[in-house]
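One structure is given below, encoded as structure tokens.
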Amino acid sequence: MTAISLGMPSVPTKLAERRKSRQIQVGSVAVGGDAPVSVQSMTTTRTSDIGATLQQIAELTATGCQIVRVACPTQDDADALATIARKSQLPVIADIHFQPKYVFAAIEAGCAAVRVNPGNIKQFDDKVKEIAKAANDHGTPIRIGVNAGSLDRRLLQKYGKATPEALVESALWEASLFEEHGFRDIKISVKHNDPVVMIEAYRQLAAQSDYPLHLGVTEAGPAFQGTIKSAVAFGALLSQGIGDTIRVSLSAPPVEEVKVGNQILESLNLKQRGLEIVSCPSCGRAQVDVYKLAEEVTAGLEGMEVPLRVAVMGCVVNGPGEAREADLGVASGNGKGQIFVKGEVIKTVPESKIVETLIEEALKLAEQMQSDGVTSGEPQVSVAG
């Protein structure tokens with residue numbers, strides 16, 4: 001009889017080829033071209049409070065953030081940029097609105113890049129030549145960030161509202177002004193709070209240019225709503241190869257934005273996966289407390305950094321199949337749990353011993369993977385049915 005492999009199924013490693021874009025360098029992070037999609041966030045501290053801002057940047061670094069943006073609405077904030085840029089573990093982008101003088105201050109301070117919003121900087125087009133020269137002299141990339149809520153009045157009059165066409169026209173017009181002065185280290189974002197409008201704007205922009213693109217749903221909302229909107233929008237674009245860096249905008253601590261961003265990339269195989277807990281949502285078939293099991297296993301494996309998939313299943317219908325396909329798993333029922341390692345049942349234990357056994361076996365697998373040189377980034381947890 002021919003043996004049938006019941007291991008992990010063969011799946012496509014990616015859904016689409018990456019869009020061809022030029023590459024820029026944001027500090028130590030390459031953006032665009034064949035560089036991996038990077039995750040950004042933004043500090044919520046007053047930038048003038050250097051200690052608090054650097055502390056938050058350290059927390060973002062530990063969570064897997066790769067680029068950080070800081071607000072610069074006042075002169076005190078501008079004065080703090082040089083110290084923050086020098087001491088930050090991450091490349092720092094200065095976020096400039098309203099006052100063009102802070103663009104020059106950020107460039108002089110040594111920021112890794114500057115984000116400008118042409119729609120709300122006074123007489124911005126008249127300053128492009130000077131900004132281009134300063135940025136070119138210092139090797140500082142510019143992000144042209146067009147937002148639906150601050151679109152240039154001329155375009156609002158032309159289109160009536162912030163349509164995808166209006167967002168794209170604004171971005172490409174401003175980019176063309178920089179290009180006229182020989183400056184090409186540009187990336188673009190065209191953000192909108194409606195994922196459908198945002199997706200269409202980025203699709204049009206991707207078709208009309210080769211600039212690297214920063215994805216974002218602006219004012220996405222509280223954690224739950226914002227996560228859904230961002231995941232839908234980013235998934236639609238990244239699955240078509242569109243997008244070079246992302247920022248999940250949530251009304252939540254910045255580290256939560258980074259966790260969601262990394263999970264989106266991992267889900268699309270655009271980032272190597274870390275720890276993944278696959279647990280069933282529970283149902284009338286479950287003969288154990290799946291919620292409690294999943295929570296205890298997750299807590300017990302917190303901090304594990306190897307790419308390990310652990311399945312915590314509560315019944316005999318889907319349980320054995322899911323547990324078999326994971327690196328490590330349990331299929332529970334009748335007060336007992338079958339423990340699977342790499343697709344094989346290694347033991348059956350009482351329900352009271354399931355968590356401790358899974359953690360013990362996970363640590364063995366992690367030790368073996370680390371000795372084999374298999375490592376990954378921040379651990380992530382996902383729940384699947």
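Ligands are numbered from 1 in the order shown, chains are lettered A, B, ... in the order of the structure tokens, and residues start at 1 in each chain.
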
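Around Glu356 in chain A, within 10 Å and counting only C-alpha atoms, the residues found are Glu296, Val297, Gly300, Ser352, Lys353, Ile359, Glu360, Glu361 and Ala362 of chain A, once anything fewer than 3 positions away on its own chain is removed.
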
Selected residues, N, CA and C atoms, written as an mmCIF file, in the first residue's frame, please.
data_model
loop_
_atom_site.group_PDB
_atom_site.id
_atom_site.type_symbol
_atom_site.label_atom_id
_atom_site.label_comp_id
_atom_site.auth_asym_id
_atom_site.auth_seq_id
_atom_site.Cartn_x
_atom_site.Cartn_y
_atom_site.Cartn_z
ATOM 1 N N GLU A 296 -3.948 29.370 28.611
ATOM 2 C CA GLU A 296 -2.850 28.878 29.446
ATOM 3 C C GLU A 296 -1.638 28.484 28.608
ATOM 4 N N VAL A 297 -1.878 27.880 27.450
ATOM 5 C CA VAL A 297 -0.765 27.520 26.573
ATOM 6 C C VAL A 297 -0.086 28.789 26.032
ATOM 7 N N GLY A 300 1.955 30.300 28.749
ATOM 8 C CA GLY A 300 3.134 29.487 29.046
ATOM 9 C C GLY A 300 4.230 29.592 28.001
ATOM 10 N N SER A 352 -5.914 17.255 32.831
ATOM 11 C CA SER A 352 -5.183 18.092 33.787
ATOM 12 C C SER A 352 -3.713 18.253 33.426
ATOM 13 N N LYS A 353 -3.208 17.380 32.536
ATOM 14 C CA LYS A 353 -1.785 17.415 32.178
ATOM 15 C C LYS A 353 -1.543 17.990 30.778
ATOM 16 N N ILE A 359 3.513 22.555 26.842
ATOM 17 C CA ILE A 359 4.613 23.501 27.085
ATOM 18 C C ILE A 359 5.945 22.768 27.121
ATOM 19 N N GLU A 360 5.972 21.626 27.753
ATOM 20 C CA GLU A 360 7.201 20.827 27.830
ATOM 21 C C GLU A 360 7.671 20.407 26.436
ATOM 22 N N GLU A 361 6.747 19.921 25.617
ATOM 23 C CA GLU A 361 7.115 19.489 24.262
ATOM 24 C C GLU A 361 7.491 20.682 23.380
ATOM 25 N N ALA A 362 6.799 21.829 23.585
ATOM 26 C CA ALA A 362 7.132 23.026 22.811
ATOM 27 C C ALA A 362 8.552 23.485 23.106
#

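Per DSSP on the backbone, strand (DSSP E or B) in range 71-238 of chain A comprises Ala71, Val92, Ile93, Ala94, Asp95, Ile96, Ala113, Val114, Arg115, Val116, Ile142, Arg143, Ile144, Gly145, Val146, Asn147, Ile186, Lys187, Ile188, Ser189, Val190, Lys191, His192, Leu213, His214, Leu215, Val217 and Pro222 of chain A.
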
Please report, as JSON lines, each residue of range 225-297 of chain A lying at most 10 Å from range 180-196 of chain A, together with the nearest pair of atoms and the separation in Å rounded to one decimal; use only C-alpha atoms, and order rows by chain and ascending residue number.
{"residue": "A:Gly226", "atom": "CA", "partner": "A:Asn193", "partner_atom": "CA", "distance": 9.6}
{"residue": "A:Ile228", "atom": "CA", "partner": "A:Pro195", "partner_atom": "CA", "distance": 9.9}
{"residue": "A:Lys229", "atom": "CA", "partner": "A:Pro195", "partner_atom": "CA", "distance": 6.3}
{"residue": "A:Ser230", "atom": "CA", "partner": "A:Pro195", "partner_atom": "CA", "distance": 7.5}
{"residue": "A:Ala231", "atom": "CA", "partner": "A:Pro195", "partner_atom": "CA", "distance": 9.6}
{"residue": "A:Val232", "atom": "CA", "partner": "A:Pro195", "partner_atom": "CA", "distance": 7.4}
{"residue": "A:Ala233", "atom": "CA", "partner": "A:Pro195", "partner_atom": "CA", "distance": 5.3}
{"residue": "A:Phe234", "atom": "CA", "partner": "A:Pro195", "partner_atom": "CA", "distance": 8.8}
{"residue": "A:Ala236", "atom": "CA", "partner": "A:Pro195", "partner_atom": "CA", "distance": 9.6}
{"residue": "A:Gly243", "atom": "CA", "partner": "A:Ser189", "partner_atom": "CA", "distance": 9.7}
{"residue": "A:Asp244", "atom": "CA", "partner": "A:Lys187", "partner_atom": "CA", "distance": 9.2}
{"residue": "A:Thr245", "atom": "CA", "partner": "A:Lys187", "partner_atom": "CA", "distance": 9.7}
{"residue": "A:Ile246", "atom": "CA", "partner": "A:Ser189", "partner_atom": "CA", "distance": 9.7}
{"residue": "A:Ser249", "atom": "CA", "partner": "A:Asn193", "partner_atom": "CA", "distance": 10.0}

### Message
When you look at Thr298 in chain A with a cut-off of 9 Å (counting only C-alpha atoms), what residues show up, excluding the ones that are within fewer than 4 positions of it in the same chain? I need them as a PyMOL selection string.
### Response
chain A and resi 277+293-294+302+381

Generate the output file for the selected residues, all heavy atoms, as an mmCIF file, in the first residue's frame.
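The file below, out-v5.cif, is the result:
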data_model
loop_
_atom_site.group_PDB
_atom_site.id
_atom_site.type_symbol
_atom_site.label_atom_id
_atom_site.label_comp_id
_atom_site.auth_asym_id
_atom_site.auth_seq_id
_atom_site.Cartn_x
_atom_site.Cartn_y
_atom_site.Cartn_z
ATOM 1 N N ILE A 277 -0.474 30.167 17.715
ATOM 2 C CA ILE A 277 -1.390 29.279 18.422
ATOM 3 C C ILE A 277 -2.656 29.145 17.585
ATOM 4 O O ILE A 277 -3.358 30.124 17.351
ATOM 5 C CB ILE A 277 -1.759 29.826 19.819
ATOM 6 C CG1 ILE A 277 -0.504 30.128 20.653
ATOM 7 C CG2 ILE A 277 -2.681 28.844 20.549
ATOM 8 C CD1 ILE A 277 0.303 28.908 21.012
ATOM 9 N N LEU A 293 -7.715 26.368 27.945
ATOM 10 C CA LEU A 293 -6.522 25.681 27.439
ATOM 11 C C LEU A 293 -5.681 26.607 26.566
ATOM 12 O O LEU A 293 -4.463 26.707 26.737
ATOM 13 C CB LEU A 293 -6.923 24.445 26.615
ATOM 14 C CG LEU A 293 -7.247 23.146 27.346
ATOM 15 C CD1 LEU A 293 -7.562 22.059 26.312
ATOM 16 C CD2 LEU A 293 -6.094 22.715 28.230
ATOM 17 N N ALA A 294 -6.325 27.292 25.625
ATOM 18 C CA ALA A 294 -5.602 28.163 24.698
ATOM 19 C C ALA A 294 -4.917 29.303 25.440
ATOM 20 O O ALA A 294 -3.763 29.652 25.152
ATOM 21 C CB ALA A 294 -6.548 28.715 23.637
ATOM 22 N N GLU A 302 4.725 32.414 26.155
ATOM 23 C CA GLU A 302 5.021 33.828 25.889
ATOM 24 C C GLU A 302 6.536 34.051 25.846
ATOM 25 O O GLU A 302 7.283 33.561 26.692
ATOM 26 C CB GLU A 302 4.413 34.714 26.974
ATOM 27 C CG GLU A 302 4.580 36.190 26.696
ATOM 28 C CD GLU A 302 3.887 37.055 27.734
ATOM 29 O OE1 GLU A 302 3.297 36.486 28.683
ATOM 30 O OE2 GLU A 302 3.938 38.279 27.592
ATOM 31 N N VAL A 381 -0.009 35.357 17.882
ATOM 32 C CA VAL A 381 -1.056 34.401 18.218
ATOM 33 C C VAL A 381 -2.218 34.599 17.272
ATOM 34 O O VAL A 381 -2.671 35.718 17.072
ATOM 35 C CB VAL A 381 -1.526 34.588 19.681
ATOM 36 C CG1 VAL A 381 -2.692 33.659 19.977
ATOM 37 C CG2 VAL A 381 -0.386 34.308 20.633
#

### Message
At a cut-off of 9 Å, using only C-alpha atoms, what residues contact Phe104 in chain A? Leave out same-chain residues fewer than 5 positions from it and give the result as a ChimeraX atom specification.
### Response
/A:109,130-131,134-135

Selected residues written out, N, CA, C and O atoms, as a tab-separated table (two decimals), in the first residue's frame:
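The resulting file, selection.tsv, is shown below:
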chain	number	residue	atom	x	y	z
A	109	ALA	N	18.31	68.10	11.35
A	109	ALA	CA	18.45	67.32	12.58
A	109	ALA	C	18.93	65.89	12.31
A	109	ALA	O	19.26	65.16	13.25
A	130	GLU	N	13.49	74.55	-2.58
A	130	GLU	CA	14.38	74.63	-1.42
A	130	GLU	C	14.39	73.31	-0.64
A	130	GLU	O	15.45	72.85	-0.20
A	131	ILE	N	13.20	72.69	-0.48
A	131	ILE	CA	13.13	71.42	0.24
A	131	ILE	C	13.91	70.34	-0.51
A	131	ILE	O	14.66	69.56	0.10
A	134	ALA	N	17.67	70.85	0.04
A	134	ALA	CA	18.10	70.48	1.38
A	134	ALA	C	18.06	68.96	1.57
A	134	ALA	O	19.00	68.36	2.12
A	135	ALA	N	16.99	68.33	1.11
A	135	ALA	CA	16.86	66.88	1.25
A	135	ALA	C	17.92	66.15	0.45
A	135	ALA	O	18.51	65.17	0.90

Quick one: contact table of range 120-212 of chain A to range 75-93 of chain A, 12 Å max, nearest atom pair and distance in Å to one decimal per residue, counting only C-alpha atoms, chain and number order, as JSON lines?
{"residue": "A:Thr140", "atom": "CA", "partner": "A:Ile93", "partner_atom": "CA", "distance": 9.8}
{"residue": "A:Pro141", "atom": "CA", "partner": "A:Ile93", "partner_atom": "CA", "distance": 9.4}
{"residue": "A:Ile142", "atom": "CA", "partner": "A:Ile93", "partner_atom": "CA", "distance": 9.2}
{"residue": "A:Arg143", "atom": "CA", "partner": "A:Ile93", "partner_atom": "CA", "distance": 9.0}

Produce a file of the selected residues containing N, CA and C atoms, as a JSON list (two decimals), in the first residue's frame.
[["chain", "number", "residue", "atom", "x", "y", "z"],
["A", 140, "THR", "N", 18.14, 62.81, 2.46],
["A", 140, "THR", "CA", 16.93, 62.56, 3.24],
["A", 140, "THR", "C", 15.74, 62.30, 2.33],
["A", 141, "PRO", "N", 15.15, 61.11, 2.35],
["A", 141, "PRO", "CA", 13.96, 60.85, 1.54],
["A", 141, "PRO", "C", 12.76, 61.65, 2.04],
["A", 142, "ILE", "N", 11.82, 61.89, 1.15],
["A", 142, "ILE", "CA", 10.60, 62.61, 1.46],
["A", 142, "ILE", "C", 9.41, 61.69, 1.22],
["A", 143, "ARG", "N", 8.51, 61.62, 2.22],
["A", 143, "ARG", "CA", 7.22, 60.95, 1.96],
["A", 143, "ARG", "C", 6.18, 62.01, 1.72]]

### Task
Would you please give, as number ranges by chain, all residues of range 205-286 of chain A that DSSP assigns to helix (DSSP H, G or I) based on the backbone?
A: 205-208, 223-238, 254-267

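With only C-alpha atoms as the atoms that count, the residue of A:Gln123, A:Thr163, A:Thr44, A:Asn269 with the shortest distance to Gly235 in chain A is A:Asn269.
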
Set out as JSON lines a contact list for range 271-375 of chain A and range 48-71 of chain A with a cut-off of 12 Å, giving each residue of range 271-375 of chain A that qualifies its closest atom pair and distance in Å to one decimal, counting only C-alpha atoms, ordered by chain and rising residue number.
{"residue": "A:Lys271", "atom": "CA", "partner": "A:Gly64", "partner_atom": "CA", "distance": 11.2}
{"residue": "A:Gly274", "atom": "CA", "partner": "A:Gly64", "partner_atom": "CA", "distance": 11.4}
{"residue": "A:Gly303", "atom": "CA", "partner": "A:Thr63", "partner_atom": "CA", "distance": 11.0}
{"residue": "A:Glu305", "atom": "CA", "partner": "A:Gly64", "partner_atom": "CA", "distance": 11.7}

Output of the above residues as a short mmCIF file (atom, residue, chain, number, x, y, z; two decimals), in the first residue's frame, restricted to all heavy atoms:
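Result saved to result00.cif:
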data_model
loop_
_atom_site.label_atom_id
_atom_site.label_comp_id
_atom_site.auth_asym_id
_atom_site.auth_seq_id
_atom_site.Cartn_x
_atom_site.Cartn_y
_atom_site.Cartn_z
N LYS A 271 6.12 37.94 5.88
CA LYS A 271 7.04 38.02 7.00
C LYS A 271 7.10 36.64 7.62
O LYS A 271 6.08 35.96 7.71
CB LYS A 271 6.54 39.05 8.02
CG LYS A 271 7.45 39.27 9.22
CD LYS A 271 6.81 40.30 10.16
CE LYS A 271 7.67 40.53 11.39
NZ LYS A 271 8.93 41.22 11.08
N GLY A 274 6.29 33.72 13.53
CA GLY A 274 6.83 33.33 14.82
C GLY A 274 5.94 32.28 15.43
O GLY A 274 5.40 31.41 14.74
N GLY A 303 6.97 34.78 24.83
CA GLY A 303 8.40 35.07 24.69
C GLY A 303 9.13 34.11 23.77
O GLY A 303 10.28 34.35 23.40
N GLU A 305 10.44 32.64 20.50
CA GLU A 305 10.72 33.38 19.27
C GLU A 305 10.93 32.50 18.04
O GLU A 305 11.25 33.00 16.98
CB GLU A 305 11.94 34.28 19.48
CG GLU A 305 11.69 35.34 20.54
CD GLU A 305 12.86 36.29 20.70
OE1 GLU A 305 13.93 35.99 20.13
OE2 GLU A 305 12.70 37.32 21.38
#

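Among the candidates A:Leu301, A:Ala106, A:Leu215, A:Leu270, the residue lying nearest to Glu17 in chain A is A:Leu270 (atoms considered: only C-alpha atoms).
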
### Residues near range 150-153 of chain A, cut-off 12 Å, only C-alpha atoms, skip fewer than 2 positions along chain, as a PyMOL selection string
chain A and resi 97-98+116-125+145-148+155-171+173-174+190-192+218
